[in-house]
>>> print(open('coords.cif').read())   # mmCIF, C-alpha atoms
data_final
loop_
_atom_site.group_PDB
_atom_site.id
_atom_site.type_symbol
_atom_site.label_atom_id
_atom_site.label_comp_id
_atom_site.auth_asym_id
_atom_site.auth_seq_id
_atom_site.Cartn_x
_atom_site.Cartn_y
_atom_site.Cartn_z
ATOM 1 C CA ALA A 1 -34.911 3.792 28.027
ATOM 2 C CA VAL A 2 -33.069 5.857 25.435
ATOM 3 C CA VAL A 3 -29.583 7.310 25.151
ATOM 4 C CA LEU A 4 -29.518 11.073 24.688
ATOM 5 C CA HIS A 5 -26.619 13.121 23.372
ATOM 6 C CA GLY A 6 -25.947 16.698 24.373
ATOM 7 C CA ASN A 7 -28.295 17.933 21.675
ATOM 8 C CA GLY A 8 -31.111 15.746 22.966
ATOM 9 C CA VAL A 9 -31.141 13.414 19.955
ATOM 10 C CA LYS A 10 -32.414 9.940 20.739
ATOM 11 C CA ASP A 11 -30.460 6.861 19.667
ATOM 12 C CA GLY A 12 -33.326 4.452 20.160
ATOM 13 C CA GLU A 13 -34.644 2.048 22.730
ATOM 14 C CA LEU A 14 -32.002 0.323 24.838
ATOM 15 C CA PRO A 15 -32.141 -2.583 27.299
ATOM 16 C CA PRO A 16 -32.061 -2.043 31.070
ATOM 17 C CA CYS A 17 -28.306 -2.642 31.140
ATOM 18 C CA LEU A 18 -27.815 0.477 29.006
ATOM 19 C CA ALA A 19 -30.592 2.421 30.658
ATOM 20 C CA ARG A 20 -28.580 3.127 33.799
ATOM 21 C CA THR A 21 -27.095 6.508 33.047
ATOM 22 C CA LEU A 22 -25.122 9.202 34.785
ATOM 23 C CA GLN A 23 -25.766 12.868 34.112
ATOM 24 C CA LYS A 24 -22.587 14.871 33.452
ATOM 25 C CA LYS A 25 -22.906 18.485 32.370
ATOM 26 C CA HIS A 26 -24.694 18.467 28.995
ATOM 27 C CA GLU A 27 -24.274 14.805 28.104
ATOM 28 C CA ILE A 28 -25.412 11.449 29.437
ATOM 29 C CA LEU A 29 -22.789 8.749 29.959
ATOM 30 C CA VAL A 30 -23.873 5.136 29.637
ATOM 31 C CA ASP A 31 -22.911 2.949 32.579
ATOM 32 C CA SER A 32 -22.908 -0.851 32.403
ATOM 33 C CA LEU A 33 -21.895 -3.780 34.563
ATOM 34 C CA PRO A 34 -20.338 -6.395 32.249
ATOM 35 C CA TYR A 35 -20.215 -9.058 34.971
ATOM 36 C CA ILE A 36 -23.900 -8.603 35.733
ATOM 37 C CA ASP A 37 -25.563 -7.541 32.490
ATOM 38 C CA LYS A 38 -26.267 -10.453 30.178
ATOM 39 C CA GLU A 39 -28.077 -8.579 27.416
ATOM 40 C CA PHE A 40 -24.795 -8.248 25.517
ATOM 41 C CA ASP A 41 -24.877 -11.971 24.763
ATOM 42 C CA ASP A 42 -27.839 -11.395 22.458
ATOM 43 C CA ASP A 43 -26.814 -11.124 18.791
ATOM 44 C CA SER A 44 -29.358 -8.398 18.097
ATOM 45 C CA MET A 45 -27.982 -6.404 21.015
ATOM 46 C CA LYS A 46 -24.452 -6.804 19.664
ATOM 47 C CA ASP A 47 -25.620 -5.400 16.321
ATOM 48 C CA MET A 48 -27.155 -2.390 18.078
ATOM 49 C CA ILE A 49 -23.964 -1.764 20.029
ATOM 50 C CA GLU A 50 -21.850 -2.013 16.882
ATOM 51 C CA ARG A 51 -24.176 0.471 15.185
ATOM 52 C CA LEU A 52 -23.897 2.922 18.074
ATOM 53 C CA ILE A 53 -20.113 2.615 18.063
ATOM 54 C CA ALA A 54 -19.993 3.199 14.296
ATOM 55 C CA GLU A 55 -22.202 6.282 14.621
ATOM 56 C CA GLU A 56 -20.006 7.617 17.402
ATOM 57 C CA MET A 57 -16.848 7.062 15.361
ATOM 58 C CA GLU A 58 -18.309 9.017 12.449
ATOM 59 C CA GLY A 59 -18.220 12.119 14.627
ATOM 60 C CA PHE A 60 -14.532 11.834 15.467
ATOM 61 C CA GLU A 61 -12.553 15.002 14.870
ATOM 62 C CA PRO A 62 -10.276 15.047 13.056
ATOM 63 C CA ASP A 63 -11.027 12.130 10.755
ATOM 64 C CA ASP A 64 -7.335 11.271 10.651
ATOM 65 C CA TYR A 65 -6.512 10.746 14.315
ATOM 66 C CA LEU A 66 -2.793 10.543 13.434
ATOM 67 C CA SER A 67 -2.723 13.990 11.836
ATOM 68 C CA MET A 68 -1.130 15.562 14.909
ATOM 69 C CA LEU A 69 1.901 13.276 14.643
ATOM 70 C CA PRO A 70 4.953 14.367 12.621
ATOM 71 C CA PRO A 71 5.310 12.861 9.140
ATOM 72 C CA VAL A 72 7.434 9.794 8.605
ATOM 73 C CA PRO A 73 10.990 10.935 7.820
ATOM 74 C CA ALA A 74 12.273 10.228 4.340
ATOM 75 C CA LEU A 75 14.524 7.219 3.987
ATOM 76 C CA ARG A 76 18.057 8.342 3.244
ATOM 77 C CA LEU A 77 20.495 5.806 1.861
ATOM 78 C CA PRO A 78 24.046 6.430 0.710
ATOM 79 C CA GLU A 79 24.451 6.827 -3.017
ATOM 80 C CA GLY A 80 25.792 3.752 -4.738
ATOM 81 C CA SER A 81 24.700 1.368 -1.972
ATOM 82 C CA VAL A 82 22.944 -1.889 -2.763
ATOM 83 C CA LEU A 83 19.800 -0.853 -0.860
ATOM 84 C CA LYS A 84 19.673 2.461 -2.708
ATOM 85 C CA GLY A 85 19.845 0.650 -6.023
ATOM 86 C CA GLU A 86 17.134 -1.814 -5.002
ATOM 87 C CA PHE A 87 14.776 0.961 -3.860
ATOM 88 C CA ASN A 88 15.327 2.790 -7.136
ATOM 89 C CA ARG A 89 14.618 -0.403 -9.055
ATOM 90 C CA LEU A 90 11.368 -0.992 -7.159
ATOM 91 C CA ASP A 91 10.306 2.627 -7.678
ATOM 92 C CA LYS A 92 10.777 2.285 -11.429
ATOM 93 C CA ALA A 93 9.407 -1.250 -11.802
ATOM 94 C CA PRO A 94 7.636 -2.588 -8.680
ATOM 95 C CA SER A 95 6.979 -5.966 -10.317
ATOM 96 C CA SER A 96 10.576 -6.505 -11.390
ATOM 97 C CA ARG A 97 12.774 -9.141 -9.818
ATOM 98 C CA MET A 98 16.203 -8.914 -8.299
ATOM 99 C CA PRO A 99 19.014 -9.974 -10.606
ATOM 100 C CA PRO A 100 20.214 -13.500 -9.854
ATOM 101 C CA ILE A 101 23.372 -14.025 -7.840
ATOM 102 C CA ASP A 102 26.442 -13.872 -10.033
ATOM 103 C CA MET A 103 28.090 -17.273 -9.672
ATOM 104 C CA LYS A 104 30.945 -16.541 -12.072
ATOM 105 C CA ARG A 105 33.220 -15.395 -9.279
ATOM 106 C CA TYR A 106 32.901 -18.829 -7.673
ATOM 107 C CA THR A 107 34.159 -20.596 -10.817
ATOM 108 C CA ILE A 108 37.710 -20.830 -12.130
ATOM 109 C CA PRO A 109 37.724 -19.857 -15.804
ATOM 110 C CA VAL A 110 40.055 -21.815 -18.034
ATOM 111 C CA PRO A 111 41.316 -19.860 -21.043
ATOM 112 C CA GLN A 112 40.112 -21.437 -24.264
ATOM 113 C CA GLY A 113 41.050 -20.985 -27.907
ATOM 114 C CA LYS A 114 43.136 -17.907 -28.544
ATOM 115 C CA ASP A 115 43.034 -17.004 -24.846
ATOM 116 C CA ALA A 116 44.950 -20.192 -24.091
ATOM 117 C CA GLU A 117 48.056 -18.526 -25.528
ATOM 118 C CA ASN A 118 47.439 -15.213 -23.714
ATOM 119 C CA VAL A 119 49.560 -14.764 -20.592
ATOM 120 C CA GLU A 120 47.215 -12.151 -19.111
ATOM 121 C CA CYS A 121 44.260 -14.543 -19.341
ATOM 122 C CA TRP A 122 46.228 -17.201 -17.487
ATOM 123 C CA GLN A 123 47.292 -14.670 -14.860
ATOM 124 C CA GLU A 124 43.640 -13.685 -14.352
ATOM 125 C CA ALA A 125 42.665 -17.353 -14.072
ATOM 126 C CA LEU A 126 45.469 -17.900 -11.549
ATOM 127 C CA LYS A 127 44.241 -14.906 -9.535
ATOM 128 C CA VAL A 128 40.734 -16.349 -9.429
ATOM 129 C CA ALA A 129 42.129 -19.737 -8.399
ATOM 130 C CA HIS A 130 43.968 -18.119 -5.474
ATOM 131 C CA GLN A 131 40.721 -16.400 -4.432
ATOM 132 C CA GLN A 132 38.841 -19.683 -4.490
ATOM 133 C CA GLN A 133 41.603 -21.289 -2.468
ATOM 134 C CA GLU A 134 41.277 -18.559 0.174
ATOM 135 C CA TYR A 135 37.485 -18.993 0.233
ATOM 136 C CA ALA A 136 37.914 -22.724 0.773
ATOM 137 C CA ALA A 137 40.485 -22.148 3.532
ATOM 138 C CA ILE A 138 38.119 -19.746 5.319
ATOM 139 C CA ARG A 139 35.253 -22.227 5.064
ATOM 140 C CA LEU A 140 37.450 -24.993 6.480
ATOM 141 C CA ALA A 141 38.516 -22.707 9.344
ATOM 142 C CA ASN A 142 34.882 -21.907 10.106
ATOM 143 C CA VAL A 143 33.989 -25.595 10.076
ATOM 144 C CA GLU A 144 36.866 -26.346 12.446
ATOM 145 C CA LEU A 145 35.839 -23.533 14.801
ATOM 146 C CA MET A 146 32.249 -24.741 14.757
ATOM 147 C CA THR A 147 33.366 -28.298 15.468
ATOM 148 C CA ASN A 148 35.532 -27.266 18.423
ATOM 149 C CA TYR A 149 33.420 -24.510 19.979
ATOM 150 C CA GLY A 150 30.023 -24.551 18.297
ATOM 151 C CA VAL A 151 28.371 -27.050 20.648
ATOM 152 C CA ASN A 152 29.327 -25.178 23.812
ATOM 153 C CA ALA A 153 28.455 -21.832 22.222
ATOM 154 C CA TRP A 154 24.968 -23.058 21.339
ATOM 155 C CA ARG A 155 24.553 -24.533 24.817
ATOM 156 C CA ALA A 156 25.459 -21.183 26.383
ATOM 157 C CA TYR A 157 23.092 -19.403 23.999
ATOM 158 C CA ASN A 158 20.255 -21.810 24.787
ATOM 159 C CA SER A 159 20.924 -21.392 28.511
ATOM 160 C CA ALA A 160 20.662 -17.614 28.133
ATOM 161 C CA LEU A 161 17.403 -18.036 26.220
ATOM 162 C CA GLU A 162 16.021 -20.275 28.960
ATOM 163 C CA ASP A 163 16.961 -17.689 31.607
ATOM 164 C CA ASN A 164 15.263 -14.932 29.605
ATOM 165 C CA ASN A 165 12.237 -17.151 29.115
ATOM 166 C CA ALA A 166 12.035 -17.783 32.862
ATOM 167 C CA LEU A 167 12.206 -14.041 33.585
ATOM 168 C CA LEU A 168 9.532 -13.247 31.012
ATOM 169 C CA LYS A 169 7.334 -16.078 32.277
ATOM 170 C CA ALA A 170 7.641 -14.712 35.818
ATOM 171 C CA GLU A 171 6.587 -11.267 34.576
ATOM 172 C CA VAL A 172 3.664 -12.769 32.657
ATOM 173 C CA ASP A 173 2.565 -14.732 35.732
ATOM 174 C CA LYS A 174 2.777 -11.549 37.808
ATOM 175 C CA VAL A 175 0.660 -9.611 35.313
ATOM 176 C CA ASP A 176 -1.838 -12.489 35.072
ATOM 177 C CA SER A 177 -2.106 -12.507 38.858
ATOM 178 C CA GLN A 178 -2.720 -8.756 38.885
ATOM 179 C CA ILE A 179 -5.356 -9.103 36.155
ATOM 180 C CA LEU A 180 -7.064 -11.902 38.085
ATOM 181 C CA SER A 181 -7.032 -9.807 41.254
ATOM 182 C CA ILE A 182 -8.512 -6.815 39.410
ATOM 183 C CA ASN A 183 -11.196 -8.968 37.787
ATOM 184 C CA ARG A 184 -12.128 -10.491 41.139
ATOM 185 C CA LYS A 185 -12.335 -7.028 42.671
ATOM 186 C CA ARG A 186 -14.473 -5.793 39.777
ATOM 187 C CA PHE A 187 -16.736 -8.819 40.070
ATOM 188 C CA ALA A 188 -17.185 -8.264 43.806
ATOM 189 C CA GLU A 189 -17.860 -4.545 43.340
ATOM 190 C CA GLN A 190 -20.319 -5.155 40.516
ATOM 191 C CA SER A 191 -22.070 -7.894 42.489
ATOM 192 C CA ASP A 192 -22.549 -5.446 45.361
ATOM 193 C CA ALA A 193 -23.716 -2.804 42.895
ATOM 194 C CA ALA A 194 -26.186 -5.286 41.392
ATOM 195 C CA LYS A 195 -27.686 -5.931 44.832
ATOM 196 C CA LYS A 196 -28.047 -2.194 45.436
ATOM 197 C CA ILE A 197 -29.575 -1.719 41.987
ATOM 198 C CA ARG A 198 -32.104 -4.495 42.608
ATOM 199 C CA ARG A 199 -33.062 -2.959 45.958
ATOM 200 C CA LEU A 200 -33.442 0.457 44.346
ATOM 201 C CA GLU A 201 -35.461 -1.013 41.482
ATOM 202 C CA GLU A 202 -37.749 -2.768 43.967
ATOM 203 C CA ARG A 203 -38.102 0.456 45.937
ATOM 204 C CA TYR A 204 -38.766 2.375 42.729
ATOM 205 C CA ALA A 205 -41.429 -0.135 41.693
ATOM 206 C CA ALA A 206 -43.047 0.025 45.140
ATOM 207 C CA LEU A 207 -43.060 3.834 45.140
ATOM 208 C CA ARG A 208 -44.407 3.885 41.603
ATOM 209 C CA ASP A 209 -47.241 1.536 42.547
ATOM 210 C CA LYS A 210 -47.922 3.612 45.642
ATOM 211 C CA ASN A 211 -48.027 6.790 43.558
ATOM 212 C CA LEU A 212 -50.398 5.140 41.094
ATOM 213 C CA ARG A 213 -52.696 4.078 43.916
ATOM 214 C CA LEU A 214 -52.556 7.553 45.447
ATOM 215 C CA SER A 215 -53.255 9.077 42.044
ATOM 216 C CA ALA A 216 -56.242 6.779 41.600
ATOM 217 C CA LEU A 217 -57.537 7.624 45.092
ATOM 218 C CA CYS A 218 -57.073 11.338 44.437
ATOM 219 C CA SER A 219 -58.963 11.040 41.161
ATOM 220 C CA ALA A 220 -61.763 9.137 42.884
ATOM 221 C CA LEU A 221 -61.874 11.707 45.679
ATOM 222 C CA GLU A 222 -61.994 14.551 43.170
ATOM 223 C CA ASP A 223 -64.865 12.839 41.379
ATOM 224 C CA THR A 224 -66.676 12.428 44.701
ATOM 225 C CA LEU A 225 -66.199 16.059 45.707
ATOM 226 C CA ALA A 226 -67.041 17.406 42.287
ATOM 227 C CA PRO A 227 -70.427 19.261 42.269
#
>>> encode(input="coords.cif", output="structure tokens")
Amino acid sequence: AVVLHGNGVKDGELPPCLARTLQKKHEILVDSLPYIDKEFDDDSMKDMIERLIAEEMEGFEPDDYLSMLPPVPALRLPEGSVLKGEFNRLDKAPSSRMPPIDMKRYTIPVPQGKDAENVECWQEALKVAHQQQEYAAIRLANVELMTNYGVNAWRAYNSALEDNNALLKAEVDKVDSQILSINRKRFAEQSDAAKKIRRLEERYAALRDKNLRLSALCSALEDTLAP
């Protein structure tokens, strides 16, 4: 059997599983029964199917199947933002690296040399020391909060995750059950179709043999009656 397109072009010989076709207007649709047909397990048949799919995809119009979608909107970032600066840096030098984290603000500078006699330098150092003291106080407060409430907070969070997981698992089980039911229904329908196909094939073979015998008898009769 062969697959014909609307223009009557042949794709080549196909196995019986692909030979069952349905006529629809000016094209022929290939019909197959995946639960019954076993020809697809053959590697050579898989290659043929992949070739047919590739040939069909070459005729897609348009080539870019996303062309009907609107373009991706431009990314707009506020001027002066860190992300804006990083995108500009990557546009100019994609292989460049981010500047390292400035650790100077986490250190307390001690005026040295001539700066040791400068009051403004000592005032700046004192300001930085107060900042570091506030950072340390905030970290201690966070540690204390985590010690007092962190365990229960994580337990509540884990409990919420377990509840969500149970809900999602129930949905997955429901979908799996529906898929199993559909597959069983498809298997039953295709098994019935396979029985009908075998009966029709047997009937077709019997009628074909009968027609051949009748044709042979008619030819013999014509030869007998010929003058």
>>> axis_aligned_box(input="coords.cif", around="segment 198-204 of chain A", padding_each_side="6 Å", output="lines of an AutoDock Vina configuration file")
center_x = -35.4
center_y = -1.1
center_z = 43.7
size_x = 18.7
size_y = 18.9
size_z = 16.5
>>> residues_near_point(input="coords.cif", point="(21.6, -10.1, -6.7)", cutoff="12 Å", atoms="all atoms listed in the file", output="ChimeraX atom specification")
/A:82-83,85-86,97-103
>>> atom_distance(input="coords.cif", atom1="atom CA of Ala125 of chain A", atom2="atom CA of Tyr106 of chain A")
11.8 Å
>>> atom_distance(input="coords.cif", atom1="atom CA of Met48 of chain A", atom2="atom CA of Glu201 of chain A")
24.9 Å
>>> atom_distance(input="coords.cif", atom1="atom CA of Tyr135 of chain A", atom2="atom CA of Ile108 of chain A")
12.5 Å
>>> decode(input="coords.cif", residues="segment 55-88 of chain A", atoms="N, CA and C atoms", output="CSV table (one decimal), in the first residue's frame")
chain,number,residue,atom,x,y,z
A,55,GLU,N,9.4,15.1,6.1
A,55,GLU,CA,8.9,15.7,4.8
A,55,GLU,C,7.6,16.5,5.0
A,56,GLU,N,6.8,16.0,5.9
A,56,GLU,CA,5.5,16.8,6.2
A,56,GLU,C,5.8,18.1,6.8
A,57,MET,N,6.8,18.1,7.7
A,57,MET,CA,7.1,19.4,8.4
A,57,MET,C,7.8,20.4,7.5
A,58,GLU,N,8.4,19.9,6.4
A,58,GLU,CA,9.0,20.8,5.5
A,58,GLU,C,7.9,21.7,4.7
A,59,GLY,N,6.7,21.2,4.7
A,59,GLY,CA,5.7,21.9,4.0
A,59,GLY,C,4.8,22.8,4.9
A,60,PHE,N,5.3,23.0,6.2
A,60,PHE,CA,4.5,23.8,7.1
A,60,PHE,C,4.6,25.2,6.6
A,61,GLU,N,3.4,25.9,6.7
A,61,GLU,CA,3.3,27.3,6.4
A,61,GLU,C,2.7,28.1,7.5
A,62,PRO,N,3.3,29.1,8.0
A,62,PRO,CA,4.6,29.6,7.6
A,62,PRO,C,5.7,28.8,8.3
A,63,ASP,N,6.9,29.1,7.9
A,63,ASP,CA,8.1,28.3,8.5
A,63,ASP,C,8.2,28.6,9.9
A,64,ASP,N,8.0,29.9,10.3
A,64,ASP,CA,8.0,30.3,11.7
A,64,ASP,C,6.6,30.2,12.2
A,65,TYR,N,6.3,29.1,13.0
A,65,TYR,CA,4.9,28.9,13.4
A,65,TYR,C,4.6,29.9,14.6
A,66,LEU,N,5.6,30.7,15.1
A,66,LEU,CA,5.3,31.7,16.1
A,66,LEU,C,5.1,33.1,15.5
A,67,SER,N,5.1,33.2,14.2
A,67,SER,CA,5.1,34.5,13.6
A,67,SER,C,3.8,35.3,13.9
A,68,MET,N,2.7,34.5,14.2
A,68,MET,CA,1.5,35.2,14.4
A,68,MET,C,1.4,35.8,15.8
A,69,LEU,N,2.3,35.4,16.7
A,69,LEU,CA,2.3,35.9,18.1
A,69,LEU,C,3.0,37.3,18.1
A,70,PRO,N,2.6,38.2,19.1
A,70,PRO,CA,3.2,39.5,19.2
A,70,PRO,C,4.6,39.4,19.6
A,71,PRO,N,5.5,40.4,19.2
A,71,PRO,CA,6.9,40.3,19.6
A,71,PRO,C,7.0,40.4,21.2
A,72,VAL,N,8.2,39.9,21.6
A,72,VAL,CA,8.5,40.0,23.1
A,72,VAL,C,8.7,41.5,23.4
A,73,PRO,N,8.0,42.0,24.4
A,73,PRO,CA,8.1,43.4,24.8
A,73,PRO,C,9.5,43.7,25.3
A,74,ALA,N,10.0,44.9,25.0
A,74,ALA,CA,11.3,45.3,25.4
A,74,ALA,C,11.4,45.4,26.9
A,75,LEU,N,12.5,45.0,27.5
A,75,LEU,CA,12.7,45.1,28.9
A,75,LEU,C,13.0,46.6,29.3
A,76,ARG,N,12.2,47.1,30.2
A,76,ARG,CA,12.4,48.5,30.6
A,76,ARG,C,12.7,48.5,32.1
A,77,LEU,N,13.9,49.0,32.4
A,77,LEU,CA,14.4,49.1,33.8
A,77,LEU,C,14.6,50.6,34.1
A,78,PRO,N,14.4,50.9,35.3
A,78,PRO,CA,14.6,52.3,35.7
A,78,PRO,C,16.1,52.7,35.6
A,79,GLU,N,16.3,53.9,35.1
A,79,GLU,CA,17.7,54.4,35.0
A,79,GLU,C,18.4,54.5,36.3
A,80,GLY,N,19.6,54.1,36.3
A,80,GLY,CA,20.4,54.2,37.5
A,80,GLY,C,20.2,52.9,38.4
A,81,SER,N,19.4,52.0,38.0
A,81,SER,CA,19.2,50.8,38.9
A,81,SER,C,20.4,49.8,38.6
A,82,VAL,N,20.5,48.9,39.6
A,82,VAL,CA,21.6,48.0,39.5
A,82,VAL,C,21.4,47.1,38.3
A,83,LEU,N,20.2,46.6,38.1
A,83,LEU,CA,19.9,45.7,36.9
A,83,LEU,C,20.2,46.4,35.6
A,84,LYS,N,19.8,47.7,35.5
A,84,LYS,CA,20.0,48.4,34.3
A,84,LYS,C,21.5,48.5,34.0
A,85,GLY,N,22.3,48.8,35.1
A,85,GLY,CA,23.8,48.9,34.9
A,85,GLY,C,24.4,47.5,34.5
A,86,GLU,N,23.8,46.4,35.0
A,86,GLU,CA,24.4,45.1,34.7
A,86,GLU,C,24.0,44.7,33.3
A,87,PHE,N,22.8,45.0,32.8
A,87,PHE,CA,22.4,44.8,31.4
A,87,PHE,C,23.3,45.6,30.5
A,88,ASN,N,23.5,46.8,30.8
A,88,ASN,CA,24.4,47.6,29.9
A,88,ASN,C,25.8,47.1,29.9
